[in-house]
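work_9.cif (mmCIF, C-alpha atoms and all ligand atoms) appears below.
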data_run
#
loop_
_atom_site.label_atom_id
_atom_site.label_comp_id
_atom_site.auth_asym_id
_atom_site.auth_seq_id
_atom_site.Cartn_x
_atom_site.Cartn_y
_atom_site.Cartn_z
CA MET G 1 -26.86 8.10 -21.54
CA THR G 2 -30.09 6.59 -20.23
CA ASN G 3 -29.20 2.99 -21.09
CA LYS G 4 -25.97 2.99 -19.10
CA ARG G 5 -25.48 0.21 -16.60
CA PRO G 6 -25.90 1.64 -13.10
CA SER G 7 -22.58 2.43 -11.49
CA ARG G 8 -21.71 0.78 -8.19
CA LEU G 9 -19.64 3.82 -7.34
CA ARG G 10 -22.58 6.16 -6.83
CA PHE G 11 -22.82 7.79 -3.43
CA ASN G 12 -25.65 9.86 -2.03
CA PHE G 13 -24.39 13.28 -1.00
CA GLY G 14 -27.84 14.82 -0.77
CA PHE G 15 -27.70 15.22 3.02
CA PHE G 16 -24.16 16.56 2.73
CA LEU G 17 -25.22 19.40 0.46
CA GLU G 18 -27.40 20.67 3.31
CA ALA G 19 -24.45 20.70 5.71
CA THR G 20 -22.53 23.83 6.65
CA LEU G 21 -19.45 24.75 4.63
CA GLY G 22 -16.33 22.96 5.79
CA THR G 23 -18.17 19.87 6.99
CA SER G 24 -16.17 16.83 6.10
CA ARG G 25 -16.63 13.11 6.13
CA THR G 26 -14.34 10.14 5.49
CA ILE G 27 -15.46 7.49 3.03
CA GLU G 28 -13.82 4.11 2.72
CA LEU G 29 -13.95 1.92 -0.36
CA ASN G 30 -13.29 -1.79 -0.10
CA TYR G 31 -14.34 -3.85 -3.09
CA PRO G 32 -12.67 -7.23 -3.77
CA THR G 33 -13.64 -6.66 -7.39
CA ILE G 34 -15.73 -4.00 -9.11
CA GLN G 35 -16.75 -3.11 -12.63
CA VAL G 36 -15.89 0.53 -13.37
CA GLU G 37 -17.33 1.35 -16.77
CA ASP G 38 -15.27 -0.84 -19.16
CA LEU G 39 -12.60 -1.73 -16.58
CA THR G 40 -12.62 -4.44 -13.92
CA LEU G 41 -10.67 -3.42 -10.86
CA SER G 42 -9.65 -6.16 -8.41
CA PRO G 43 -9.50 -4.90 -5.80
CA LEU G 44 -10.51 -1.28 -5.36
CA THR G 45 -9.67 -0.01 -1.89
CA GLY G 46 -8.81 3.27 -0.25
CA THR G 47 -10.06 6.18 1.73
CA PHE G 48 -11.00 9.70 0.77
CA THR G 49 -12.34 12.75 2.53
CA ALA G 50 -15.34 14.65 1.25
CA THR G 51 -15.53 18.30 2.24
CA ARG G 52 -18.47 20.62 1.62
CA THR G 53 -17.27 23.79 -0.07
CA SER G 54 -19.15 26.77 -1.47
CA GLU G 55 -18.80 25.31 -4.98
CA GLY G 56 -19.79 21.73 -4.21
CA VAL G 57 -18.02 18.78 -2.62
CA TYR G 58 -14.25 18.41 -2.69
CA LEU G 59 -12.89 14.85 -2.65
CA SER G 60 -9.35 14.10 -1.57
CA GLY G 61 -7.64 10.79 -0.90
CA THR G 62 -5.85 7.79 -2.34
CA LEU G 63 -7.31 4.65 -3.90
CA HIS G 64 -5.47 1.44 -4.65
CA SER G 65 -5.88 -1.33 -7.17
CA THR G 66 -3.93 -3.90 -9.14
CA LEU G 67 -3.88 -3.98 -12.92
CA ILE G 68 -3.32 -7.20 -14.82
CA GLY G 69 -1.60 -7.01 -18.18
CA GLN G 70 0.91 -9.01 -20.20
CA CYS G 71 4.64 -8.86 -19.51
CA VAL G 72 6.35 -7.26 -22.52
CA ARG G 73 9.42 -9.47 -22.03
CA CYS G 74 8.07 -12.98 -21.34
CA LEU G 75 4.36 -12.58 -22.25
CA GLU G 76 3.22 -14.03 -18.89
CA PRO G 77 0.59 -12.13 -16.86
CA ALA G 78 1.99 -9.00 -15.25
CA THR G 79 0.28 -7.55 -12.20
CA THR G 80 0.99 -3.91 -11.44
CA PRO G 81 -0.14 -2.35 -8.17
CA ILE G 82 -1.37 1.19 -8.73
CA SER G 83 -2.27 4.16 -6.55
CA MET G 84 -4.77 6.73 -7.68
CA GLN G 85 -4.69 10.21 -6.23
CA VAL G 86 -8.16 11.70 -5.87
CA ASP G 87 -8.06 15.48 -5.76
CA ASP G 88 -11.23 16.73 -7.36
CA LEU G 89 -14.06 19.13 -6.86
CA PHE G 90 -17.55 17.95 -7.77
CA TYR G 91 -19.66 20.99 -8.54
CA TYR G 92 -23.15 21.61 -7.23
CA PRO G 93 -25.55 22.58 -8.58
CA PRO G 94 -24.39 20.70 -11.70
CA GLN G 95 -25.07 23.70 -14.00
CA THR G 96 -22.22 25.58 -12.28
CA ALA G 97 -19.61 23.01 -13.35
CA PRO G 98 -17.17 24.39 -15.94
CA GLU G 99 -16.78 22.40 -19.14
CA GLY G 100 -15.02 19.09 -18.49
CA GLU G 101 -15.33 19.27 -14.71
CA TYR G 102 -17.18 16.78 -12.53
CA ALA G 103 -20.59 17.58 -11.11
CA ILE G 104 -22.95 16.19 -8.52
CA GLY G 105 -26.24 15.00 -10.01
CA GLU G 106 -29.50 16.88 -9.50
CA ASP G 107 -30.48 13.98 -7.21
CA GLY G 108 -27.51 14.64 -4.93
CA PHE G 109 -25.57 11.56 -6.06
CA ILE G 110 -21.88 11.55 -6.96
CA ASP G 111 -20.80 8.91 -9.46
CA LEU G 112 -17.12 8.19 -8.96
CA ALA G 113 -16.88 5.74 -11.87
CA PRO G 114 -15.73 8.22 -14.57
CA LEU G 115 -13.09 9.68 -12.24
CA VAL G 116 -11.80 6.29 -11.04
CA ARG G 117 -11.67 5.03 -14.62
CA GLU G 118 -9.69 8.06 -15.74
CA LEU G 119 -7.22 7.70 -12.86
CA ALA G 120 -6.77 3.96 -13.48
CA VAL G 121 -6.10 4.51 -17.19
CA LEU G 122 -3.51 7.19 -16.37
CA GLU G 123 -1.69 4.73 -14.09
CA THR G 124 -1.74 1.85 -16.58
CA PRO G 125 1.89 1.03 -17.44
CA ILE G 126 2.76 1.23 -21.15
CA GLN G 127 5.27 -1.62 -20.83
CA PRO G 128 4.23 -3.85 -17.94
CA VAL G 129 6.71 -6.43 -16.64
CA CYS G 130 5.90 -9.49 -14.53
CA ARG G 131 8.83 -8.57 -12.24
CA PRO G 132 11.61 -5.98 -12.51
CA ASP G 133 14.31 -8.60 -13.24
CA CYS G 134 12.29 -10.61 -15.77
CA GLN G 135 14.74 -12.42 -18.07
CA GLY G 136 12.33 -12.54 -20.99
CA LEU G 137 12.29 -15.15 -23.73
CA CYS G 138 15.32 -16.68 -25.49
CA ILE G 139 15.52 -15.07 -28.94
CA GLU G 140 16.78 -18.38 -30.36
CA CYS G 141 14.31 -20.97 -29.01
CA GLY G 142 11.63 -18.92 -27.27
CA GLN G 143 12.06 -20.51 -23.86
CA ASN G 144 11.01 -18.44 -20.86
CA LEU G 145 14.41 -17.71 -19.30
CA ASN G 146 12.81 -17.15 -15.88
CA GLU G 147 12.18 -20.88 -15.81
CA GLY G 148 15.81 -21.78 -16.49
CA ASP G 149 18.60 -21.60 -19.03
CA CYS G 150 17.75 -23.19 -22.38
CA GLY G 151 21.39 -23.91 -23.26
CA CYS G 152 21.33 -21.87 -26.45
CA GLU G 153 24.59 -20.26 -27.52
CA SER G 154 24.55 -16.82 -25.92
CA ASP G 155 28.01 -15.58 -26.92
CA PRO G 156 27.53 -11.81 -27.09
CA ILE G 157 30.16 -11.38 -29.84
CA ASP G 158 29.63 -13.21 -33.08
CA PRO G 159 33.03 -14.61 -34.23
CA ARG G 160 32.54 -13.02 -37.68
CA LEU G 161 31.96 -9.65 -36.02
CA SER G 162 35.05 -9.98 -33.85
CA ALA G 163 37.14 -10.60 -36.99
CA LEU G 164 35.65 -7.45 -38.50
CA GLN G 165 36.43 -5.58 -35.32
CA GLN G 166 40.11 -6.50 -35.68
CA LEU G 167 40.12 -5.16 -39.24
CA LEU G 168 38.57 -1.88 -38.10
CA ASN G 169 40.97 -1.46 -35.19
CA PRO G 170 44.40 -2.52 -36.42
CA SER G 171 46.76 -2.92 -33.47
CA ASP G 172 49.72 -1.38 -35.37
CA ASN G 173 48.03 2.01 -35.69
ZN ZN G 201 8.10 -11.35 -17.64
ZN ZN G 202 17.17 -20.80 -26.17
#
Let's see the structure in the file written out as structure tokens.
Amino acid sequence: MTNKRPSRLRFNFGFFLEATLGTSRTIELNYPTIQVEDLTLSPLTGTFTATRTSEGVYLSGTLHSTLIGQCVRCLEPATTPISMQVDDLFYYPPQTAPEGEYAIGEDGFIDLAPLVRELAVLETPIQPVCRPDCQGLCIECGQNLNEGDCGCESDPIDPRLSALQQLLNPSDN
């Protein structure tokens, strides 16, 4: 815990905890690139509203980023824009936070890194594609079909199979 790299997503809410209930404030994030725990998000942008409630500080808003993975069809880089919905209460004092809920530190700081990481992981596509109509690779020669036709035989019905088909479906039946 103590040896963790300091998060760049820590915000001082100390003053805010002194404010009257219902006080709210808009916070804008605009990072061209940022390290969020083990993830690198490029960019991380968005706006959220912080509202002082009796239980702590409620954060609500939408953040945006772009994830870079590998296209499952052609193996080229696949960039996926993602939106992350922030809708979370950070409890204060921290001892009042139920198990598994987020809390504001004793020092009045909120660290958004664990929340942003969790949201980004949830939005990560299981099967990313470089573009919706990606043609993938030729199963014969391995050429990237987005870059052009390779000229391989792509007859959907194998002649041997079509002969079998005739045997299975005799026309005189
Ligand atoms: Zn692709
Ligand atoms: Zn081919």
Using all atoms listed in the file, find each residue with an atom at most 7 Å away from ligand ZN 202 (chain G) and format the answer as a PyMOL selection string. chain G and resi 138-143+150-152
Output file for the selection above: C-alpha atoms, as a PDB file, in the coordinates of the input:
ATOM      1  CA  CYS G 138      15.320 -16.680 -25.490  1.00  0.00           C
ATOM      2  CA  ILE G 139      15.520 -15.070 -28.940  1.00  0.00           C
ATOM      3  CA  GLU G 140      16.780 -18.380 -30.360  1.00  0.00           C
ATOM      4  CA  CYS G 141      14.310 -20.970 -29.010  1.00  0.00           C
ATOM      5  CA  GLY G 142      11.630 -18.920 -27.270  1.00  0.00           C
ATOM      6  CA  GLN G 143      12.060 -20.510 -23.860  1.00  0.00           C
ATOM      7  CA  CYS G 150      17.750 -23.190 -22.380  1.00  0.00           C
ATOM      8  CA  GLY G 151      21.390 -23.910 -23.260  1.00  0.00           C
ATOM      9  CA  CYS G 152      21.330 -21.870 -26.450  1.00  0.00           C
TER      10      CYS G 152
END
Shell around Gly14 of chain G at 10 Å using only C-alpha atoms, local window under 4 positions removed, as a JSON list (two decimals) with C-alpha atoms, keeping the file's coordinate frame:
[["chain", "number", "residue", "atom", "x", "y", "z"],
["G", 18, "GLU", "CA", -27.40, 20.67, 3.31],
["G", 19, "ALA", "CA", -24.45, 20.70, 5.71],
["G", 104, "ILE", "CA", -22.95, 16.19, -8.52],
["G", 105, "GLY", "CA", -26.24, 15.00, -10.01],
["G", 106, "GLU", "CA", -29.50, 16.88, -9.50],
["G", 107, "ASP", "CA", -30.48, 13.98, -7.21],
["G", 108, "GLY", "CA", -27.51, 14.64, -4.93],
["G", 109, "PHE", "CA", -25.57, 11.56, -6.06],
["G", 110, "ILE", "CA", -21.88, 11.55, -6.96]]
What gap, in Å, lies between atom CA of Thr96 of chain G and atom CA of Leu115 of chain G? 18.3 Å
Give me the chain G side of the contact with ligand ZN 201 (chain G), cut-off 7 Å, one line per residue showing its nearest atom pair and distance in Å at one decimal, counting only C-alpha atoms and all ligand atoms, sorted by chain and residue number, as a Markdown table.
| residue | atom | partner | partner_atom | distance |
| --- | --- | --- | --- | --- |
| G:Cys71 | CA | G:ZN201 | ZN | 4.7 |
| G:Val72 | CA | G:ZN201 | ZN | 6.6 |
| G:Arg73 | CA | G:ZN201 | ZN | 5.0 |
| G:Cys74 | CA | G:ZN201 | ZN | 4.0 |
| G:Leu75 | CA | G:ZN201 | ZN | 6.1 |
| G:Glu76 | CA | G:ZN201 | ZN | 5.7 |
| G:Ala78 | CA | G:ZN201 | ZN | 7.0 |
| G:Val129 | CA | G:ZN201 | ZN | 5.2 |
| G:Cys130 | CA | G:ZN201 | ZN | 4.2 |
| G:Arg131 | CA | G:ZN201 | ZN | 6.1 |
| G:Cys134 | CA | G:ZN201 | ZN | 4.6 |
| G:Gln135 | CA | G:ZN201 | ZN | 6.7 |
| G:Gly136 | CA | G:ZN201 | ZN | 5.5 |
Contact residues around segment 87-92 of chain G with only C-alpha atoms at 8 Å, ignoring same-chain residues under 6 positions, as a VMD selection string: chain G and resid 55 to 61 101 to 105 110
Just want the 7 Å neighbourhood of Thr80 of chain G, counted on all atoms listed in the file, with same-chain residues fewer than 6 positions away dropped. Output as a PDB file with C-alpha atoms, keeping the file's coordinate frame.
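part_19.pdb, freshly written:
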ATOM      1  CA  THR G  66      -3.930  -3.900  -9.140  1.00  0.00           C
ATOM      2  CA  LEU G  67      -3.880  -3.980 -12.920  1.00  0.00           C
ATOM      3  CA  ILE G  68      -3.320  -7.200 -14.820  1.00  0.00           C
TER       4      ILE G  68
END
Within 7 Å of segment 35-50 of chain G, counting all atoms listed in the file, which residues show up once you throw out same-chain ones fewer than 4 positions away? Write them as a list in words, please.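 The neighbour list is Ser24, Arg25, Thr26, Ile27, Glu28, Leu29, Asn30, Tyr31, Val57, Tyr58, Leu59, Ser60, Gly61, Thr62, Leu63, His64, Ser65, Thr66, Ala113 and Arg117 of chain G.
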Could you work out how far atom CA of Arg8 of chain G lies from atom CA of Ile34 of chain G, giving the answer in Å with one decimal? 7.7 Å
Enter the distance from atom CA of Leu122 of chain G to atom CA of Pro77 of chain G, in Å, rounded to one decimal.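 Atom CA of Pro77 of chain G lies at a distance of 19.8 Å from atom CA of Leu122 of chain G.
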Nearest-residue call for Pro93 of chain G, choices G:Thr53, G:Pro81, G:Asp149, G:Pro6, using all atoms listed in the file: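 Checking each of G:Thr53, G:Pro81, G:Asp149, G:Pro6 against Pro93 of chain G, counting all atoms listed in the file, the winner is G:Thr53.
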